[in-house]
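Trainee: Contents are mmCIF, C-alpha atoms; file name final_5.cif:
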data_run
loop_
_atom_site.group_PDB
_atom_site.id
_atom_site.type_symbol
_atom_site.label_atom_id
_atom_site.label_comp_id
_atom_site.auth_asym_id
_atom_site.auth_seq_id
_atom_site.Cartn_x
_atom_site.Cartn_y
_atom_site.Cartn_z
ATOM 1 C CA MET A 1229 -7.032 -76.683 26.630
ATOM 2 C CA ARG A 1230 -3.759 -74.835 26.868
ATOM 3 C CA ASP A 1231 -3.518 -71.050 26.779
ATOM 4 C CA PRO A 1232 -3.888 -69.282 24.503
ATOM 5 C CA ARG A 1233 -6.928 -70.808 22.862
ATOM 6 C CA CYS A 1234 -9.530 -69.642 20.405
ATOM 7 C CA LEU A 1235 -13.240 -70.345 20.645
ATOM 8 C CA LYS A 1236 -15.935 -69.446 18.131
ATOM 9 C CA SER A 1237 -19.417 -68.590 19.337
ATOM 10 C CA HIS A 1238 -22.614 -66.843 18.337
ATOM 11 C CA TRP A 1239 -23.444 -65.814 21.899
ATOM 12 C CA LEU A 1240 -25.082 -62.579 22.884
ATOM 13 C CA MET A 1241 -22.823 -60.309 24.892
ATOM 14 C CA ARG A 1242 -24.629 -61.117 28.163
ATOM 15 C CA ASP A 1243 -23.803 -64.816 27.733
ATOM 16 C CA HIS A 1244 -20.154 -64.314 26.885
ATOM 17 C CA MET A 1245 -17.651 -65.369 29.521
ATOM 18 C CA ALA A 1246 -14.581 -63.955 27.766
ATOM 19 C CA LEU A 1247 -15.302 -60.412 28.910
ATOM 20 C CA LYS A 1248 -15.692 -61.580 32.488
ATOM 21 C CA SER A 1249 -12.167 -62.971 32.435
ATOM 22 C CA ARG A 1250 -8.920 -62.076 30.694
ATOM 23 C CA GLY A 1251 -10.321 -63.136 27.339
ATOM 24 C CA LYS A 1252 -10.687 -61.038 24.234
ATOM 25 C CA VAL A 1253 -13.477 -60.978 21.683
ATOM 26 C CA VAL A 1254 -13.128 -60.370 17.958
ATOM 27 C CA TYR A 1255 -16.689 -59.601 16.891
ATOM 28 C CA VAL A 1256 -17.105 -60.145 13.154
ATOM 29 C CA MET A 1257 -20.123 -58.198 11.951
ATOM 30 C CA ARG A 1258 -21.652 -58.914 8.565
ATOM 31 C CA ASN A 1259 -24.189 -57.000 6.494
ATOM 32 C CA ALA A 1260 -27.762 -58.013 7.447
ATOM 33 C CA LEU A 1261 -28.770 -58.516 3.801
ATOM 34 C CA ASP A 1262 -26.069 -61.149 3.360
ATOM 35 C CA VAL A 1263 -26.632 -62.659 6.816
ATOM 36 C CA VAL A 1264 -30.269 -63.491 6.114
ATOM 37 C CA VAL A 1265 -29.350 -65.205 2.820
ATOM 38 C CA SER A 1266 -26.431 -67.057 4.396
ATOM 39 C CA SER A 1267 -28.612 -68.105 7.343
ATOM 40 C CA PHE A 1268 -31.278 -69.439 4.985
ATOM 41 C CA HIS A 1269 -28.712 -71.697 3.321
ATOM 42 C CA HIS A 1270 -27.168 -72.623 6.683
ATOM 43 C CA TYR A 1271 -30.538 -73.811 7.962
ATOM 44 C CA ASN A 1272 -31.136 -75.756 4.774
ATOM 45 C CA ASP A 1273 -27.813 -77.564 5.194
ATOM 46 C CA PHE A 1274 -28.875 -79.178 8.450
ATOM 47 C CA LEU A 1275 -31.500 -81.903 8.521
ATOM 48 C CA ASN A 1276 -32.525 -81.076 12.059
ATOM 49 C CA LEU A 1277 -32.701 -77.266 12.004
ATOM 50 C CA TRP A 1278 -35.573 -76.650 9.660
ATOM 51 C CA ASP A 1279 -37.869 -78.951 7.729
ATOM 52 C CA ASN A 1280 -39.325 -76.481 5.255
ATOM 53 C CA SER A 1281 -36.140 -76.014 3.273
ATOM 54 C CA SER A 1282 -37.602 -74.375 0.191
ATOM 55 C CA ASN A 1283 -39.709 -71.649 1.803
ATOM 56 C CA TRP A 1284 -37.731 -68.402 1.684
ATOM 57 C CA GLU A 1285 -40.665 -66.241 2.814
ATOM 58 C CA GLU A 1286 -41.226 -68.329 5.951
ATOM 59 C CA PHE A 1287 -37.547 -68.235 6.817
ATOM 60 C CA PHE A 1288 -37.372 -64.477 6.275
ATOM 61 C CA ASP A 1289 -40.245 -64.011 8.737
ATOM 62 C CA LEU A 1290 -38.432 -66.186 11.307
ATOM 63 C CA PHE A 1291 -35.236 -64.182 10.780
ATOM 64 C CA VAL A 1292 -37.039 -60.866 11.254
ATOM 65 C CA ALA A 1293 -38.740 -62.155 14.417
ATOM 66 C CA GLY A 1294 -35.385 -63.348 15.773
ATOM 67 C CA ASP A 1295 -36.812 -66.857 15.995
ATOM 68 C CA ILE A 1296 -33.699 -68.649 14.754
ATOM 69 C CA MET A 1297 -30.718 -70.281 16.421
ATOM 70 C CA SER A 1298 -28.587 -67.647 18.195
ATOM 71 C CA GLY A 1299 -31.527 -65.246 18.215
ATOM 72 C CA GLY A 1300 -32.102 -62.230 16.047
ATOM 73 C CA TYR A 1301 -29.423 -60.408 14.104
ATOM 74 C CA PHE A 1302 -30.479 -56.967 15.302
ATOM 75 C CA ALA A 1303 -30.671 -57.974 18.980
ATOM 76 C CA HIS A 1304 -27.280 -59.663 18.667
ATOM 77 C CA VAL A 1305 -25.556 -56.612 17.220
ATOM 78 C CA ALA A 1306 -27.346 -54.414 19.782
ATOM 79 C CA SER A 1307 -25.982 -56.568 22.612
ATOM 80 C CA TRP A 1308 -22.377 -56.114 21.471
ATOM 81 C CA TRP A 1309 -22.232 -52.627 19.933
ATOM 82 C CA PRO A 1310 -22.163 -50.697 23.252
ATOM 83 C CA HIS A 1311 -19.012 -52.658 24.187
ATOM 84 C CA ARG A 1312 -17.130 -52.009 20.944
ATOM 85 C CA ASN A 1313 -14.649 -49.612 22.566
ATOM 86 C CA GLU A 1314 -13.831 -51.793 25.560
ATOM 87 C CA PRO A 1315 -10.207 -52.983 25.676
ATOM 88 C CA GLY A 1316 -11.190 -56.643 25.265
ATOM 89 C CA VAL A 1317 -13.431 -56.164 22.210
ATOM 90 C CA LEU A 1318 -12.528 -55.617 18.555
ATOM 91 C CA PHE A 1319 -15.241 -55.082 15.944
ATOM 92 C CA VAL A 1320 -14.332 -56.265 12.445
ATOM 93 C CA ARG A 1321 -16.556 -56.015 9.401
ATOM 94 C CA TYR A 1322 -16.798 -59.197 7.336
ATOM 95 C CA GLU A 1323 -16.821 -57.046 4.214
ATOM 96 C CA ASP A 1324 -13.516 -55.447 5.260
ATOM 97 C CA LEU A 1325 -12.004 -58.897 5.813
ATOM 98 C CA LYS A 1326 -12.970 -59.790 2.253
ATOM 99 C CA GLN A 1327 -11.782 -56.517 0.688
ATOM 100 C CA GLU A 1328 -8.637 -55.835 2.739
ATOM 101 C CA PRO A 1329 -7.603 -59.108 4.409
ATOM 102 C CA GLU A 1330 -4.015 -58.006 5.051
ATOM 103 C CA ARG A 1331 -5.068 -54.833 6.850
ATOM 104 C CA GLU A 1332 -7.711 -56.593 8.943
ATOM 105 C CA ILE A 1333 -5.432 -59.493 9.883
ATOM 106 C CA ARG A 1334 -2.825 -56.987 11.072
ATOM 107 C CA ARG A 1335 -5.519 -55.271 13.187
ATOM 108 C CA ILE A 1336 -6.558 -58.590 14.711
ATOM 109 C CA ALA A 1337 -2.947 -59.606 15.386
ATOM 110 C CA ALA A 1338 -2.224 -56.281 17.107
ATOM 111 C CA PHE A 1339 -5.412 -56.576 19.179
ATOM 112 C CA MET A 1340 -4.435 -60.082 20.268
ATOM 113 C CA GLY A 1341 -1.019 -58.823 21.361
ATOM 114 C CA LEU A 1342 0.847 -60.903 18.806
ATOM 115 C CA GLN A 1343 4.245 -59.855 17.571
ATOM 116 C CA SER A 1344 4.104 -57.892 14.349
ATOM 117 C CA LEU A 1345 3.729 -60.136 11.347
ATOM 118 C CA SER A 1346 6.364 -60.263 8.650
ATOM 119 C CA ASP A 1347 5.050 -59.801 5.123
ATOM 120 C CA GLU A 1348 5.735 -63.476 4.430
ATOM 121 C CA ARG A 1349 3.857 -64.644 7.533
ATOM 122 C CA LEU A 1350 0.989 -62.296 6.704
ATOM 123 C CA ARG A 1351 0.704 -63.828 3.220
ATOM 124 C CA GLU A 1352 0.613 -67.296 4.824
ATOM 125 C CA VAL A 1353 -2.200 -66.242 7.174
ATOM 126 C CA VAL A 1354 -4.162 -64.645 4.328
ATOM 127 C CA GLU A 1355 -3.825 -67.856 2.304
ATOM 128 C CA ALA A 1356 -4.687 -70.104 5.263
ATOM 129 C CA THR A 1357 -7.861 -68.122 5.971
ATOM 130 C CA SER A 1358 -8.999 -67.684 2.371
ATOM 131 C CA PHE A 1359 -12.320 -69.092 1.204
ATOM 132 C CA LYS A 1360 -10.482 -71.360 -1.231
ATOM 133 C CA ARG A 1361 -8.344 -72.852 1.557
ATOM 134 C CA MET A 1362 -11.252 -73.294 3.960
ATOM 135 C CA ARG A 1363 -13.277 -74.974 1.228
ATOM 136 C CA SER A 1364 -10.338 -77.295 0.553
ATOM 137 C CA LEU A 1365 -10.114 -78.203 4.246
ATOM 138 C CA GLU A 1366 -13.832 -78.809 4.341
ATOM 139 C CA GLU A 1367 -13.553 -81.273 1.465
ATOM 140 C CA THR A 1368 -11.028 -83.363 3.399
ATOM 141 C CA VAL A 1369 -13.251 -83.779 6.456
ATOM 142 C CA TRP A 1370 -16.639 -83.551 4.765
ATOM 143 C CA PRO A 1371 -17.865 -87.172 4.937
ATOM 144 C CA ARG A 1372 -17.270 -87.299 8.687
ATOM 145 C CA LEU A 1373 -18.829 -83.874 9.280
ATOM 146 C CA GLN A 1374 -21.843 -84.781 7.202
ATOM 147 C CA ARG A 1375 -22.413 -87.859 9.335
ATOM 148 C CA LEU A 1376 -21.734 -86.177 12.702
ATOM 149 C CA LEU A 1377 -23.715 -83.004 12.100
ATOM 150 C CA GLY A 1378 -26.614 -84.427 10.107
ATOM 151 C CA LEU A 1379 -25.948 -82.315 7.040
ATOM 152 C CA ARG A 1380 -28.020 -82.760 3.932
ATOM 153 C CA LYS A 1381 -25.974 -80.745 1.418
ATOM 154 C CA ASP A 1382 -22.677 -81.449 -0.266
ATOM 155 C CA PHE A 1383 -20.706 -78.543 1.222
ATOM 156 C CA ARG A 1384 -21.372 -75.901 3.870
ATOM 157 C CA MET A 1385 -19.042 -73.297 2.392
ATOM 158 C CA ARG A 1386 -21.083 -71.876 -0.436
ATOM 159 C CA LYS A 1387 -19.519 -68.905 -2.188
ATOM 160 C CA GLY A 1388 -17.655 -66.719 0.284
ATOM 161 C CA VAL A 1389 -18.739 -63.493 -1.393
ATOM 162 C CA THR A 1390 -20.428 -60.309 -0.242
ATOM 163 C CA GLY A 1391 -23.366 -58.454 -1.737
ATOM 164 C CA GLN A 1392 -25.667 -61.382 -2.553
ATOM 165 C CA GLY A 1393 -28.401 -60.145 -0.234
ATOM 166 C CA ARG A 1394 -29.331 -57.225 -2.439
ATOM 167 C CA ALA A 1395 -29.913 -59.561 -5.389
ATOM 168 C CA VAL A 1396 -32.046 -61.998 -3.369
ATOM 169 C CA LEU A 1397 -34.159 -59.772 -1.119
ATOM 170 C CA SER A 1398 -37.180 -57.983 -2.521
ATOM 171 C CA VAL A 1399 -37.660 -54.240 -2.089
ATOM 172 C CA ALA A 1400 -40.318 -54.985 0.547
ATOM 173 C CA GLU A 1401 -37.982 -57.322 2.462
ATOM 174 C CA ARG A 1402 -35.193 -54.741 2.415
ATOM 175 C CA ALA A 1403 -37.695 -52.195 3.746
ATOM 176 C CA VAL A 1404 -38.512 -54.491 6.679
ATOM 177 C CA LEU A 1405 -34.813 -54.744 7.545
ATOM 178 C CA GLN A 1406 -34.490 -50.961 7.194
ATOM 179 C CA GLN A 1407 -37.316 -50.503 9.724
ATOM 180 C CA LEU A 1408 -35.606 -52.876 12.157
ATOM 181 C CA TYR A 1409 -32.349 -50.991 11.727
ATOM 182 C CA GLU A 1410 -34.082 -47.674 12.464
ATOM 183 C CA LYS A 1411 -35.811 -49.107 15.538
ATOM 184 C CA VAL A 1412 -32.976 -51.132 17.089
ATOM 185 C CA LEU A 1413 -29.536 -50.146 15.791
ATOM 186 C CA ASP A 1414 -29.719 -46.557 14.567
ATOM 187 C CA PRO A 1415 -30.418 -45.258 18.112
ATOM 188 C CA LEU A 1416 -27.203 -46.988 19.238
ATOM 189 C CA GLY A 1417 -25.170 -45.269 16.524
ATOM 190 C CA VAL A 1418 -24.478 -48.392 14.464
ATOM 191 C CA PRO A 1419 -23.545 -47.092 10.987
ATOM 192 C CA TRP A 1420 -26.139 -47.853 8.305
ATOM 193 C CA GLU A 1421 -23.315 -48.918 5.974
ATOM 194 C CA TRP A 1422 -22.345 -51.698 8.384
ATOM 195 C CA VAL A 1423 -25.857 -53.144 8.421
ATOM 196 C CA LEU A 1424 -27.662 -52.537 5.141
ATOM 197 C CA ALA A 1425 -25.289 -51.249 2.477
ATOM 198 C CA SER A 1426 -24.597 -53.942 -0.082
ATOM 199 C CA ALA A 1427 -21.064 -54.503 -1.343
#
Take the structure from the file and write it as structure tokens.
Mentor:
Amino acid sequence: MRDPRCLKSHWLMRDHMALKSRGKVVYVMRNALDVVVSSFHHYNDFLNLWDNSSNWEEFFDLFVAGDIMSGGYFAHVASWWPHRNEPGVLFVRYEDLKQEPEREIRRIAAFMGLQSLSDERLREVVEATSFKRMRSLEETVWPRLQRLLGLRKDFRMRKGVTGQGRAVLSVAERAVLQQLYEKVLDPLGVPWEWVLASA
């Protein structure tokens, strides 16, 4: 591939080659409550990731144990958080991307060393990266993706909203995530609002 290029990964920091080279990393961090719900649906989309597609409680236990693809949420954030102030790393909250896309896209562009965006170009980028646009693109390639990836559902892009986790998780499940936060992320200084506050 030609430079510059963009790669998406779910790698832990220790596995990431970008920081060992001239690469840069935009780490998009999402609220744990929404991640567990999104992950549940993600696993249910794929025929080969998880057979027991209707068992929320079993999946929640796997999520808490970190026994899912890409490992555990808390270990993943813990692997990256200490590097958040390095020159080649930019932390972006998913919730901020949803609430203030223009501001966050400008931050990302500046971090990547791109020329400042005109207001018109910024609007184009916001539109091109909107949930509606990505869903539209998905519809055009869906039959092929479904075949190639072994997907069982109609579409992978579900709703593109924040705050669903609080409505889905029980008080007891939220308490389990709170305990994990206190054990793993709070000692690192990761703000509670970034992990468990619901939009």
Trainee: I need the output of the PyMOL selection byres ((chain A and resi 1256) around 9) for this file as an mmCIF file with C-alpha atoms, keeping the file's coordinate frame; which residues are they?
Mentor:
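The resulting file, out_8.cif, is shown below:
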data_model
loop_
_atom_site.group_PDB
_atom_site.id
_atom_site.type_symbol
_atom_site.label_atom_id
_atom_site.label_comp_id
_atom_site.auth_asym_id
_atom_site.auth_seq_id
_atom_site.Cartn_x
_atom_site.Cartn_y
_atom_site.Cartn_z
ATOM 1 C CA VAL A 1254 -13.128 -60.370 17.958
ATOM 2 C CA TYR A 1255 -16.689 -59.601 16.891
ATOM 3 C CA MET A 1257 -20.123 -58.198 11.951
ATOM 4 C CA ARG A 1258 -21.652 -58.914 8.565
ATOM 5 C CA LEU A 1318 -12.528 -55.617 18.555
ATOM 6 C CA PHE A 1319 -15.241 -55.082 15.944
ATOM 7 C CA VAL A 1320 -14.332 -56.265 12.445
ATOM 8 C CA ARG A 1321 -16.556 -56.015 9.401
ATOM 9 C CA TYR A 1322 -16.798 -59.197 7.336
#
Trainee: Expressed in Å to a single decimal, how great is the separation between atom CA of A:Ser1298 and atom CA of A:Ser1358?
Mentor: 25.2 Å
Trainee: Translate the PyMOL selection byres ((chain A and resi 1350) around 12), as applied to the file shown, into an explicit residue set as number ranges by chain.
Mentor: A: 1329-1337, 1343-1349, 1351-1357
Trainee: Which value, in Å to one decimal, gives the distance between atom CA of A:Phe1302 and atom CA of A:Glu1323?
Mentor: 17.6 Å
Trainee: To one decimal place, how far is atom CA of A:Leu1413 from atom CA of A:Ala1303 in Å?
Mentor: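 Value for the atom CA of A:Leu1413-atom CA of A:Ala1303 distance: 8.5 Å.
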Trainee: Name the closest residue to A:Pro1415 among the candidates A:Ala1338, A:Pro1315, A:Pro1310, A:Leu1325; distances are taken between atoms, counting all atoms listed in the file.
Mentor: A:Pro1310
Trainee: Written as a PyMOL selection string, which residues does the PyMOL selection byres ((chain A and resi 1291) around 12) give for the file shown?
Mentor: chain A and resi 1260-1261+1263-1268+1271+1284-1290+1292-1303+1401+1404-1405+1408
Trainee: Give me the residues near A:Val1317 as a PyMOL selection string, where near means some atom within 8 Å (using all atoms listed in the file) and where sequence neighbours in that chain fewer than 4 positions away do not count.
Mentor: chain A and resi 1252-1255+1311-1313
Trainee: For A:Ser1307, which residue out of A:His1270, A:Lys1326, A:Arg1233, A:His1238 is the nearest one, using only C-alpha atoms?
Mentor: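 So, comparing all the options, the nearest one is A:His1238.
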Trainee: Looking at A:Ala1425, A:Val1412, A:Met1340, A:Val1396, which one is nearest to A:Arg1250, with distances taken over all atoms listed in the file?
Mentor: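 Among the listed residues, the smallest separation from A:Arg1250 belongs to A:Met1340.
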Trainee: Write out as an mmCIF file with C-alpha atoms, in the frame of the given file each polymer residue whose atoms come within 10 Å of A:Leu1416, counting all atoms listed in the file; drop sequence neighbours fewer than 5 positions from it.
Mentor:
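Once everything was written out, this is out11.cif:
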data_model
loop_
_atom_site.group_PDB
_atom_site.id
_atom_site.type_symbol
_atom_site.label_atom_id
_atom_site.label_comp_id
_atom_site.auth_asym_id
_atom_site.auth_seq_id
_atom_site.Cartn_x
_atom_site.Cartn_y
_atom_site.Cartn_z
ATOM 1 C CA VAL A 1305 -25.556 -56.612 17.220
ATOM 2 C CA ALA A 1306 -27.346 -54.414 19.782
ATOM 3 C CA TRP A 1309 -22.232 -52.627 19.933
ATOM 4 C CA PRO A 1310 -22.163 -50.697 23.252
ATOM 5 C CA TYR A 1409 -32.349 -50.991 11.727
ATOM 6 C CA GLU A 1410 -34.082 -47.674 12.464
ATOM 7 C CA LYS A 1411 -35.811 -49.107 15.538
#
Trainee: I'd like to know which of A:Asp1262, A:Phe1359, A:Glu1314, A:Phe1339 is closest to A:Ala1395, using only C-alpha atoms.
Mentor: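 Smallest separation from A:Ala1395 among the options: A:Asp1262.
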